[in-house]
$ cat coords-v1.cif   # mmCIF, C-alpha atoms and all ligand atoms
data_query
loop_
_atom_site.label_atom_id
_atom_site.label_comp_id
_atom_site.auth_asym_id
_atom_site.auth_seq_id
_atom_site.Cartn_x
_atom_site.Cartn_y
_atom_site.Cartn_z
CA MET A 148 -65.67 177.33 102.51
CA SER A 149 -63.17 180.15 102.43
CA ALA A 150 -63.16 183.18 100.16
CA ALA A 151 -61.03 182.52 97.11
CA HIS A 152 -60.83 185.96 95.61
CA SER A 153 -60.89 188.76 98.10
CA CYS A 154 -62.11 192.23 97.17
CA ALA A 155 -59.61 194.85 96.15
CA ASN A 156 -58.23 196.44 99.30
CA SER A 157 -60.92 198.94 100.18
CA SER A 158 -59.66 200.04 103.60
CA LEU A 159 -58.75 203.70 103.92
CA LEU A 160 -55.09 202.77 103.98
CA GLY A 161 -55.49 200.56 100.93
CA ASN A 162 -55.39 201.30 97.26
CA LYS A 163 -56.05 205.03 96.74
CA GLU A 164 -57.05 204.56 93.12
CA TYR A 165 -59.64 201.98 94.07
CA ILE A 166 -61.04 204.21 96.82
CA SER A 167 -61.50 207.23 94.55
CA LEU A 168 -63.14 205.07 91.89
CA SER A 169 -65.62 203.55 94.30
CA ARG A 170 -66.39 207.05 95.60
CA ALA A 171 -66.90 208.28 92.03
CA LEU A 172 -69.30 205.43 91.40
CA SER A 173 -71.30 206.34 94.52
CA GLU A 174 -71.44 209.96 93.34
CA LEU A 175 -72.80 208.89 89.97
CA ARG A 176 -75.39 206.66 91.63
CA ALA A 177 -76.44 209.69 93.69
CA ARG A 178 -76.68 211.73 90.44
CA ARG A 179 -73.83 214.04 91.38
CA PRO A 180 -71.11 215.08 88.91
CA ILE A 181 -67.58 213.72 88.95
CA ARG A 182 -64.40 215.01 87.32
CA ILE A 183 -62.49 212.72 84.95
CA SER A 184 -58.96 213.54 83.83
CA ALA A 185 -56.93 212.17 80.99
CA SER A 186 -53.80 213.52 79.36
CA GLY A 187 -54.55 217.08 78.29
CA GLU A 188 -58.19 217.16 79.37
CA SER A 189 -60.39 217.34 82.40
CA LEU A 190 -64.17 216.90 82.19
CA LEU A 191 -67.11 217.19 84.49
CA ALA A 192 -69.55 214.34 83.84
CA LEU A 193 -73.08 213.60 85.03
CA PRO A 194 -75.32 210.64 84.08
CA VAL A 195 -78.38 211.42 81.97
CA ASP A 196 -80.38 208.62 83.61
CA GLY A 197 -82.42 210.00 86.51
CA LEU A 198 -81.56 213.63 85.78
CA ASP A 199 -84.32 216.23 86.19
CA GLU A 200 -84.64 219.84 84.99
CA GLN A 201 -83.19 221.20 88.24
CA GLY A 202 -80.20 218.85 88.02
CA LEU A 203 -79.65 219.86 84.40
CA SER A 204 -79.82 223.54 85.19
CA ASP A 205 -77.45 223.19 88.20
CA PHE A 206 -74.99 221.26 86.05
CA ALA A 207 -75.15 223.87 83.26
CA VAL A 208 -74.41 226.61 85.83
CA LEU A 209 -71.53 224.59 87.30
CA CYS A 210 -69.97 224.07 83.86
CA SER A 211 -70.62 227.58 82.55
CA PRO A 212 -69.33 229.09 80.29
CA ASN A 213 -68.23 225.77 78.77
CA VAL A 214 -70.49 224.00 76.28
CA LEU A 215 -72.45 220.97 77.49
CA LYS A 216 -72.18 217.85 75.38
CA ILE A 217 -74.09 214.65 75.54
CA VAL A 218 -71.84 211.62 75.21
CA VAL A 219 -73.41 208.43 73.85
CA THR A 220 -72.09 205.00 72.89
CA ARG A 221 -71.41 204.01 69.30
CA GLN A 222 -74.59 201.91 69.31
CA ARG A 223 -76.73 204.85 70.42
CA ALA A 224 -75.00 207.21 67.98
CA ARG A 225 -75.85 204.86 65.13
CA SER A 226 -79.46 204.61 66.20
CA ILE A 227 -79.80 208.40 65.95
CA GLY A 228 -78.31 208.41 62.49
CA ILE A 229 -74.65 209.20 63.21
CA THR A 230 -72.01 207.05 61.53
CA ALA A 231 -69.82 205.98 64.44
CA SER A 232 -67.28 203.37 65.40
CA THR A 233 -66.59 204.83 68.85
CA ALA A 234 -68.56 206.68 71.51
CA MET A 235 -69.55 210.15 70.28
CA ALA A 236 -69.95 213.57 71.93
CA LEU A 237 -72.73 215.82 70.66
CA PRO A 238 -72.51 219.50 71.60
CA LEU A 239 -75.89 220.78 72.80
CA SER A 240 -77.47 224.09 72.01
CA GLY A 241 -77.91 226.28 75.10
CA MET A 242 -81.63 225.92 75.66
CA VAL A 243 -82.29 222.18 75.58
CA GLY A 244 -84.44 220.65 78.31
CA MET A 245 -84.47 217.17 79.79
CA SER A 246 -86.96 215.73 77.32
CA THR A 247 -84.65 216.54 74.40
CA ILE A 248 -81.66 215.14 76.27
CA PHE A 249 -83.53 211.97 77.14
CA ASP A 250 -84.68 211.63 73.54
CA LEU A 251 -81.07 211.82 72.41
CA ALA A 252 -79.96 209.32 75.04
CA ALA A 253 -82.64 206.70 74.68
CA ASN A 254 -85.86 207.55 72.90
CA ALA A 255 -86.66 208.75 69.48
CA VAL A 256 -84.54 209.76 66.54
CA ASN A 257 -83.85 213.41 67.22
CA GLU A 258 -80.98 215.11 65.45
CA GLY A 259 -82.18 218.67 65.66
CA HIS A 260 -80.55 219.86 68.87
CA PHE A 261 -76.82 219.52 68.38
CA ALA A 262 -75.08 222.86 68.41
CA GLY A 263 -72.27 221.48 66.25
CA ALA A 264 -71.19 218.31 64.51
CA ALA A 265 -70.85 215.09 66.49
CA GLU A 266 -67.25 214.44 67.58
CA THR A 267 -65.43 211.30 68.58
CA ALA A 268 -65.69 211.10 72.36
CA SER A 269 -62.43 211.86 74.18
CA CYS A 270 -60.72 209.38 76.53
CA ALA A 271 -62.25 211.05 79.58
CA ALA A 272 -65.74 211.07 78.05
CA THR A 273 -65.47 207.40 77.08
CA ALA A 274 -64.31 206.54 80.61
CA ALA A 275 -67.33 208.43 81.99
CA ILE A 276 -69.66 206.22 79.96
CA ARG A 277 -67.86 203.13 81.22
CA LEU A 278 -68.31 204.18 84.83
CA VAL A 279 -71.96 205.13 84.36
CA LYS A 280 -72.59 201.70 82.84
CA LEU A 281 -71.18 200.05 85.96
CA SER A 282 -73.91 201.81 87.93
CA ARG A 283 -76.52 200.11 85.65
CA SER A 284 -77.62 203.49 84.28
CA LEU A 285 -78.30 204.27 80.67
CA PRO A 286 -74.93 204.63 78.95
CA ALA A 287 -75.15 208.38 78.33
CA VAL A 288 -73.58 211.31 80.16
CA LEU A 289 -73.60 215.06 80.05
CA ALA A 290 -70.07 216.40 79.99
CA ALA A 291 -68.24 219.71 79.78
CA GLU A 292 -64.68 220.89 80.24
CA VAL A 293 -63.97 221.80 83.83
CA PRO A 294 -64.44 225.57 84.16
CA ASN A 295 -61.64 227.68 85.48
CA LEU A 296 -63.05 228.02 89.00
CA ASP A 297 -61.52 227.39 92.38
CA ASN A 298 -64.46 227.43 94.74
CA ASP A 299 -65.65 225.12 97.55
CA LEU A 300 -68.03 223.30 95.25
CA MET A 301 -65.26 222.35 92.85
CA HIS A 302 -63.21 220.99 95.75
CA LEU A 303 -66.08 218.71 96.73
CA ILE A 304 -66.15 216.99 93.36
CA VAL A 305 -64.51 213.56 93.28
CA THR A 306 -61.76 213.30 90.65
CA VAL A 307 -60.61 210.14 88.88
CA GLU A 308 -58.19 209.34 86.07
CA ALA A 309 -59.61 207.87 82.85
CA ASP A 310 -57.02 205.06 82.83
CA ALA A 311 -57.95 204.15 86.38
CA VAL A 312 -61.61 203.87 85.35
CA ASN A 313 -60.69 201.31 82.74
CA ARG A 314 -58.62 199.27 85.21
CA PHE A 315 -61.39 199.45 87.80
CA ALA A 316 -64.10 198.36 85.38
CA ALA A 317 -62.07 195.31 84.44
CA ASP A 318 -61.16 194.36 88.03
CA ALA A 319 -64.13 195.22 90.22
CA THR A 320 -66.53 192.56 89.02
CA ASN A 321 -63.87 189.87 89.11
CA ALA A 322 -62.80 190.61 92.68
CA PHE A 323 -65.21 188.91 95.01
CA ALA A 324 -65.46 187.29 98.38
CA LEU A 325 -67.67 184.66 99.92
CA ALA A 326 -70.34 186.56 101.88
CA SER A 327 -72.43 183.81 103.51
CA GLU A 328 -74.14 180.48 102.96
CA ALA A 329 -77.04 178.45 104.29
CA THR A 330 -79.04 175.34 103.46
CA ILE A 331 -82.61 175.80 102.22
CA PRO A 332 -85.15 173.00 101.75
CA LEU A 333 -86.84 173.42 98.35
CA ALA A 334 -90.50 172.76 97.49
CA SER A 335 -89.42 169.68 95.53
CA GLY A 336 -88.06 168.14 98.73
CA THR A 337 -84.41 168.60 97.76
CA ALA A 338 -82.08 170.51 100.04
CA ALA A 339 -80.04 173.26 98.38
CA ARG A 340 -77.06 175.18 99.72
CA PHE A 341 -77.18 178.86 98.77
CA VAL A 342 -73.64 180.23 98.64
CA VAL A 343 -73.58 184.01 98.27
CA PHE A 344 -70.55 185.79 96.82
CA ARG A 345 -70.21 189.57 96.79
CA ASP A 346 -68.16 191.43 94.22
CA ALA A 347 -66.22 194.63 94.78
CA LEU A 348 -69.18 196.71 93.57
CA GLY A 349 -71.36 195.19 96.29
CA VAL A 350 -73.29 193.01 93.85
CA ASP A 351 -74.33 189.56 95.15
CA GLN A 352 -73.89 186.50 92.94
CA VAL A 353 -75.36 183.21 94.12
CA ALA A 354 -74.26 179.62 93.60
CA ILE A 355 -76.98 177.13 94.54
CA ILE A 356 -75.70 173.64 95.20
CA VAL A 357 -78.68 171.41 94.56
CA GLY A 358 -78.65 168.02 96.30
CA LYS A 359 -75.30 166.29 96.60
CA PRO A 360 -73.39 166.53 93.32
CA ASP A 361 -70.42 164.22 92.77
CA PHE A 362 -67.55 166.68 92.41
CA THR A 363 -65.19 163.94 91.18
CA GLN A 364 -67.23 163.77 87.94
CA PRO A 365 -68.22 166.56 85.51
CA VAL A 366 -70.82 168.48 87.56
CA PRO A 367 -74.16 169.43 85.96
CA VAL A 368 -74.33 173.23 86.01
CA ARG A 369 -77.04 175.69 85.01
CA LEU A 370 -75.59 179.17 84.38
CA HIS A 371 -78.67 181.36 84.69
CA SER A 372 -78.96 185.14 84.39
CA ALA A 373 -81.51 186.74 86.70
CA CYS A 374 -84.87 187.56 85.18
CA LEU A 375 -87.25 188.96 87.79
CA THR A 376 -90.19 189.01 85.41
CA GLY A 377 -89.70 185.46 84.14
CA ASP A 378 -88.11 183.63 87.08
CA VAL A 379 -90.36 185.00 89.82
CA PHE A 380 -93.57 186.04 88.06
CA GLY A 381 -93.67 183.63 85.14
CA SER A 382 -93.60 186.30 82.42
CA ARG A 383 -94.59 184.85 79.06
CA ARG A 384 -92.35 187.27 77.17
CA CYS A 385 -89.32 185.05 77.73
CA ASP A 386 -88.45 181.45 78.56
CA CYS A 387 -86.36 182.18 81.68
CA GLY A 388 -88.76 180.96 84.37
CA ASP A 389 -89.50 177.74 82.49
CA GLN A 390 -85.80 177.13 81.93
CA LEU A 391 -84.99 177.69 85.61
CA ARG A 392 -87.61 175.17 86.70
CA LEU A 393 -86.54 172.67 84.02
CA ALA A 394 -82.93 173.07 85.10
CA LEU A 395 -83.75 172.47 88.75
CA ALA A 396 -85.71 169.32 87.92
CA ARG A 397 -82.90 168.14 85.65
CA LEU A 398 -80.24 168.66 88.32
CA GLU A 399 -82.36 166.79 90.84
CA SER A 400 -82.85 163.89 88.43
CA LEU A 401 -79.09 163.76 87.83
CA GLY A 402 -78.47 163.43 91.57
CA GLY A 403 -77.39 167.02 92.11
CA GLY A 404 -75.66 169.95 90.50
CA VAL A 405 -75.08 173.67 90.68
CA ILE A 406 -77.17 176.65 89.58
CA LEU A 407 -75.20 179.87 89.20
CA TYR A 408 -77.85 182.54 89.59
CA MET A 409 -76.11 185.58 88.16
CA ALA A 410 -77.03 189.21 88.86
CA GLN A 411 -77.14 189.91 85.14
CA GLU A 412 -80.77 190.99 84.80
CA GLY A 413 -81.75 191.84 81.23
CA ARG A 414 -78.58 190.28 79.74
CA GLY A 415 -76.56 192.58 81.96
CA ILE A 416 -78.36 195.90 81.36
CA GLY A 417 -80.32 195.86 84.64
CA LEU A 418 -84.02 195.74 85.37
CA ALA A 419 -84.88 199.38 84.65
CA ASN A 420 -83.21 199.23 81.26
CA LYS A 421 -84.87 195.89 80.50
CA MET A 422 -88.25 197.60 80.97
CA ARG A 423 -87.10 200.36 78.60
CA ALA A 424 -86.08 197.66 76.13
CA TYR A 425 -89.52 196.02 76.47
CA ARG A 426 -91.20 199.34 75.64
CA LEU A 427 -89.09 199.61 72.51
CA GLN A 428 -90.03 196.02 71.66
CA ASP A 429 -93.69 196.93 72.09
CA GLY A 430 -92.98 199.53 69.41
CA GLY A 431 -91.70 196.86 67.01
CA LEU A 432 -87.97 196.38 67.70
CA ASP A 433 -86.59 192.92 68.40
CA THR A 434 -84.76 192.13 71.65
CA HIS A 435 -81.30 192.83 70.14
CA ASP A 436 -82.17 196.10 68.44
CA ALA A 437 -83.95 197.31 71.58
CA ASN A 438 -80.69 196.90 73.55
CA THR A 439 -78.57 198.70 70.98
CA THR A 440 -81.13 201.47 70.58
CA LEU A 441 -80.62 202.15 74.29
CA GLY A 442 -76.87 202.32 73.68
CA PHE A 443 -75.94 198.89 75.01
CA GLU A 444 -74.37 195.84 73.39
CA ASP A 445 -77.05 193.32 72.44
CA ASP A 446 -75.64 191.20 75.27
CA GLU A 447 -73.60 192.86 78.02
CA ARG A 448 -72.82 189.69 79.96
CA ASP A 449 -69.37 188.45 80.86
CA TYR A 450 -68.99 184.91 82.17
CA GLY A 451 -65.64 185.45 83.92
CA VAL A 452 -67.28 185.81 87.35
CA ALA A 453 -69.27 182.62 86.82
CA ALA A 454 -66.02 180.81 86.04
CA LEU A 455 -64.43 182.19 89.21
CA MET A 456 -67.40 181.01 91.25
CA LEU A 457 -67.12 177.52 89.76
CA ARG A 458 -63.41 177.44 90.53
CA THR A 459 -64.11 178.44 94.13
CA LEU A 460 -66.52 175.53 94.37
CA ASN A 461 -63.84 173.19 92.94
CA CYS A 462 -66.02 172.62 89.97
CA THR A 463 -63.86 173.00 86.87
CA ARG A 464 -65.25 170.09 84.78
CA ILE A 465 -68.92 170.54 84.10
CA VAL A 466 -71.92 169.51 82.04
CA LEU A 467 -73.56 172.80 81.06
CA LEU A 468 -77.33 173.15 80.77
CA THR A 469 -77.84 175.82 78.11
CA ASN A 470 -78.84 176.57 74.52
CA ASN A 471 -76.57 179.60 74.38
CA PRO A 472 -73.24 179.12 72.54
CA ALA A 473 -71.82 182.32 74.13
CA LYS A 474 -72.01 180.68 77.55
CA LEU A 475 -70.05 177.63 76.34
CA ASP A 476 -67.52 179.93 74.77
CA GLY A 477 -67.26 182.33 77.72
CA LEU A 478 -66.75 179.57 80.32
CA THR A 479 -64.29 177.65 78.12
CA LYS A 480 -62.21 180.78 77.57
CA ALA A 481 -62.22 181.34 81.33
CA GLY A 482 -60.70 177.89 81.85
CA ILE A 483 -63.73 175.73 82.65
CA GLU A 484 -63.79 172.35 80.91
CA ILE A 485 -67.20 171.59 79.44
CA ALA A 486 -67.56 167.84 79.13
CA ALA A 487 -71.03 168.07 77.54
CA ARG A 488 -73.95 170.40 76.87
CA VAL A 489 -77.50 169.56 77.84
CA ALA A 490 -80.26 171.45 75.99
CA LEU A 491 -82.86 173.24 78.06
CA GLU A 492 -85.89 173.69 75.89
CA ALA A 493 -88.83 175.58 77.33
CA PRO A 494 -92.21 175.34 75.60
CA VAL A 495 -92.61 177.72 72.65
CA THR A 496 -95.75 179.84 73.05
CA PRO A 497 -97.36 182.57 70.96
CA HIS A 498 -95.96 185.10 73.47
CA ASN A 499 -92.34 183.99 73.45
CA ARG A 500 -91.99 182.76 69.85
CA ARG A 501 -90.68 186.06 68.49
CA TYR A 502 -88.17 186.39 71.36
CA LEU A 503 -86.94 182.82 70.95
CA THR A 504 -86.71 183.17 67.16
CA THR A 505 -84.55 186.28 67.59
CA LYS A 506 -82.29 184.39 70.02
CA ALA A 507 -81.94 181.52 67.55
CA VAL A 508 -81.39 183.68 64.48
CA ARG A 509 -79.27 186.48 65.92
CA SER A 510 -77.38 184.82 68.82
CA GLY A 511 -77.19 181.26 67.51
CA HIS A 512 -79.20 179.71 70.37
CA LYS A 513 -79.90 176.07 69.64
CA ILE A 514 -83.64 175.73 70.08
CA ILE A 515 -85.05 172.57 68.50
CA ASN A 516 -88.58 173.13 69.88
CA LEU A 517 -88.76 176.29 67.83
CA LYS A 518 -88.13 174.45 64.58
CA ALA A 519 -90.60 171.76 65.60
CA SER A 520 -93.28 174.31 66.36
CA VAL A 521 -92.62 176.21 63.11
CA ASN A 522 -92.86 172.94 61.17
CA GLU A 523 -96.05 172.00 62.95
CA LYS A 524 -97.61 175.27 61.85
CA SER A 525 -96.55 175.08 58.23
N1 LIG A 601 -82.36 193.07 77.45
C1 LIG A 601 -83.26 192.09 77.49
N2 LIG A 601 -83.05 191.07 78.33
C2 LIG A 601 -83.96 190.08 78.34
C3 LIG A 601 -85.11 190.09 77.54
N3 LIG A 601 -85.82 188.96 77.81
C4 LIG A 601 -85.12 188.28 78.75
N4 LIG A 601 -84.00 188.95 79.06
C5 LIG A 601 -82.90 188.60 79.95
O1 LIG A 601 -82.13 187.65 79.26
C6 LIG A 601 -81.44 186.85 80.21
C7 LIG A 601 -81.67 185.39 79.80
O2 LIG A 601 -80.70 184.71 80.40
P1 LIG A 601 -80.52 183.14 80.54
O3 LIG A 601 -81.82 182.51 80.91
O4 LIG A 601 -79.35 182.90 81.42
O5 LIG A 601 -80.14 182.60 79.18
P2 LIG A 601 -79.92 182.69 77.70
O6 LIG A 601 -78.87 183.66 77.33
O7 LIG A 601 -81.24 182.83 77.04
O8 LIG A 601 -79.33 181.23 77.39
P3 LIG A 601 -79.85 179.81 77.87
O9 LIG A 601 -78.77 179.28 78.75
O10 LIG A 601 -79.98 179.02 76.65
O11 LIG A 601 -81.12 179.99 78.60
C8 LIG A 601 -81.99 187.21 81.56
O12 LIG A 601 -81.07 188.08 82.21
C9 LIG A 601 -83.27 187.99 81.25
O13 LIG A 601 -83.57 188.99 82.19
C10 LIG A 601 -85.29 191.18 76.66
O14 LIG A 601 -86.22 191.24 75.88
N5 LIG A 601 -84.34 192.16 76.68
ZN ZN A 602 -86.69 186.32 81.14
#
$ encode --input "coords-v1.cif" --output "structure tokens"
Amino acid sequence: MSAAHSCANSSLLGNKEYISLSRALSELRARRPIRISASGESLLALPVDGLDEQGLSDFAVLCSPNVLKIVVTRQRARSIGITASTAMALPLSGMVGMSTIFDLAANAVNEGHFAGAAETASCAATAAIRLVKLSRSLPAVLAAEVPNLDNDLMHLIVTVEADAVNRFAADATNAFALASEATIPLASGTAARFVVFRDALGVDQVAIIVGKPDFTQPVPVRLHSACLTGDVFGSRRCDCGDQLRLALARLESLGGGVILYMAQEGRGIGLANKMRAYRLQDGGLDTHDANTTLGFEDDERDYGVAALMLRTLNCTRIVLLTNNPAKLDGLTKAGIEIAARVALEAPVTPHNRRYLTTKAVRSGHKIINLKASVNEKS
């Protein structure tokens, strides 16, 4: 099989914009500041996630005398009591420490430490959040206007344009190449071909061709988002592991099919943030509100990459195994023809009932077992 969608040209002689963006992303992952420019402004930005007191103090010195702001998404702003329809920047008073900053970014309601009123985040600040999100960090950054300094340190800081960030975010996940493939015998006795794609951010996405599907007919496909806790360890908080095993058995009984195992842990927020969301759920929030309290969408997934993978496999007419209407919608919009949907109903248990009910009520998941089990009880 040959690569269908090669990565954006990342050689040194390639696209300069792409190179500076991927460098900026590496800087953010290493918890170092970057500079983001937009018309009329230039900001230094640093992710809140993973920052310690020393990092905060170094950043404050670097930005001095300019005021530090914390930039949060509209969802996070709302959860700390600010009416917002865009990302917001909150000026900080001089003496705040990391615990206050982290509270503002992700924890409790804490409105007492803004030095001034919340402002609509600028283009550069909004782009900073977008880039930080690509690194699977909490969507919150510290930002300040670039101080009027011309020293060696300033020259070391990677600079990107806000517009370029937006182009990069849209393109990077959809530019991917075939990395490798191999055949693996499964415990059930079926052979499966694991085809690994790698996107331009270095993230691996896997298509597992189970058995020998007939590609001249609509191919049975399970589009599955990674869930370490459920898929590997059988967590009872969700139905993921059960659904994965049901899907595999179903594909085998249908003579073969494809599992797209997507690196979209926690509905796209990443494993660390999923654990943060679980802690908020332990405090009483449901799975949707926990995501938005952390500043994310309730579901951050995009199914465009899955559609590209299917196209690469010559699999554009499918039977989709799912209860999730957003998957049907996402793949259809990306040009995949869905000949039929097959439900994938995991057992409802006391542990997962609340989670499944939220999915049914708030995301429209079609879960008949849930109704049956509710009726049984009443
Ligand atoms: N943020 C968050 N993610 C969760 C939680 N519980 C499970 N997940 C993630 O939710 C995703 C579930 O994905 P899928 O199994 O593909 O499916 P789905 O959206 O439930 O739709 P189906 O196709 O019907 O299974 C996985 O990425 C899990 O890691 C939770 O409480 N919070
Ligand atoms: Zn799960």
$ atom_distance --input "coords-v1.cif" --atom1 "CA of Phe206 (chain A)" --atom2 "CA of Ile304 (chain A)"
12.2 Å
$ closest_residue --input "coords-v1.cif" --among "A:Asn438, A:Asn213, A:Ser382, A:Gln428" --to "ligand ZN 602 (chain A)" --atoms "all atoms listed in the file"
A:Ser382
$ residues_near_ligand --input "coords-v1.cif" --ligand "ligand ZN 602 (chain A)" --cutoff "6 Å" --atoms "all atoms listed in the file" --output "list of chain:residue names"
A:Cys374, A:Gly377, A:Cys385, A:Asp386, A:Cys387
$ residues_near_point --input "coords-v1.cif" --point "(-58.3, 213.0, 78.9)" --cutoff "10 Å" --atoms "only C-alpha atoms" --output "mmCIF file with C-alpha atoms, in the coordinates of the input"
data_model
loop_
_atom_site.group_PDB
_atom_site.id
_atom_site.type_symbol
_atom_site.label_atom_id
_atom_site.label_comp_id
_atom_site.auth_asym_id
_atom_site.auth_seq_id
_atom_site.Cartn_x
_atom_site.Cartn_y
_atom_site.Cartn_z
ATOM 1 C CA ILE A 183 -62.490 212.720 84.950
ATOM 2 C CA SER A 184 -58.960 213.540 83.830
ATOM 3 C CA ALA A 185 -56.930 212.170 80.990
ATOM 4 C CA SER A 186 -53.800 213.520 79.360
ATOM 5 C CA GLY A 187 -54.550 217.080 78.290
ATOM 6 C CA GLU A 188 -58.190 217.160 79.370
ATOM 7 C CA SER A 189 -60.390 217.340 82.400
ATOM 8 C CA LEU A 190 -64.170 216.900 82.190
ATOM 9 C CA SER A 269 -62.430 211.860 74.180
ATOM 10 C CA CYS A 270 -60.720 209.380 76.530
ATOM 11 C CA ALA A 271 -62.250 211.050 79.580
ATOM 12 C CA ALA A 272 -65.740 211.070 78.050
ATOM 13 C CA THR A 273 -65.470 207.400 77.080
ATOM 14 C CA ALA A 274 -64.310 206.540 80.610
ATOM 15 C CA GLU A 308 -58.190 209.340 86.070
ATOM 16 C CA ALA A 309 -59.610 207.870 82.850
ATOM 17 C CA ASP A 310 -57.020 205.060 82.830
#
$ closest_residue --input "coords-v1.cif" --among "A:Leu441, A:Val508, A:Val452, A:Ala373" --to "ligand LIG 601 (chain A)" --atoms "only C-alpha atoms and all ligand atoms"
A:Ala373
$ residues_around --input "coords-v1.cif" --residues "Ile355 (chain A)" --least-positions-apart "3" --cutoff "8 Å" --atoms "all atoms listed in the file" --output "list in words"
Ala339, Arg340, Phe341, Val342, Val405, Ile406, Leu407 and Tyr408 of chain A
$ residues_near_ligand --input "coords-v1.cif" --ligand "ligand LIG 601 (chain A)" --cutoff "6 Å" --atoms "all atoms listed in the file" --output "PyMOL selection string"
chain A and resi 371-374+385+387+411-414+421+424-425+434+438+469-471
$ write_last_selection --input "coords-v1.cif" --atoms "C-alpha atoms" --output "PDB file, in the frame of the given file"
ATOM      1  CA  HIS A 371     -78.670 181.360  84.690  1.00  0.00           C
ATOM      2  CA  SER A 372     -78.960 185.140  84.390  1.00  0.00           C
ATOM      3  CA  ALA A 373     -81.510 186.740  86.700  1.00  0.00           C
ATOM      4  CA  CYS A 374     -84.870 187.560  85.180  1.00  0.00           C
ATOM      5  CA  CYS A 385     -89.320 185.050  77.730  1.00  0.00           C
ATOM      6  CA  CYS A 387     -86.360 182.180  81.680  1.00  0.00           C
ATOM      7  CA  GLN A 411     -77.140 189.910  85.140  1.00  0.00           C
ATOM      8  CA  GLU A 412     -80.770 190.990  84.800  1.00  0.00           C
ATOM      9  CA  GLY A 413     -81.750 191.840  81.230  1.00  0.00           C
ATOM     10  CA  ARG A 414     -78.580 190.280  79.740  1.00  0.00           C
ATOM     11  CA  LYS A 421     -84.870 195.890  80.500  1.00  0.00           C
ATOM     12  CA  ALA A 424     -86.080 197.660  76.130  1.00  0.00           C
ATOM     13  CA  TYR A 425     -89.520 196.020  76.470  1.00  0.00           C
ATOM     14  CA  THR A 434     -84.760 192.130  71.650  1.00  0.00           C
ATOM     15  CA  ASN A 438     -80.690 196.900  73.550  1.00  0.00           C
ATOM     16  CA  THR A 469     -77.840 175.820  78.110  1.00  0.00           C
ATOM     17  CA  ASN A 470     -78.840 176.570  74.520  1.00  0.00           C
ATOM     18  CA  ASN A 471     -76.570 179.600  74.380  1.00  0.00           C
TER      19      ASN A 471
END
$ atom_distance --input "coords-v1.cif" --atom1 "CA of Gly336 (chain A)" --atom2 "CA of Ser400 (chain A)"
12.3 Å
$ residues_around --input "coords-v1.cif" --residues "Thr320 (chain A)" --least-positions-apart "4" --cutoff "10 Å" --atoms "only C-alpha atoms" --output "PyMOL selection string"
chain A and resi 154+281+315-316+345-350+449+451-452
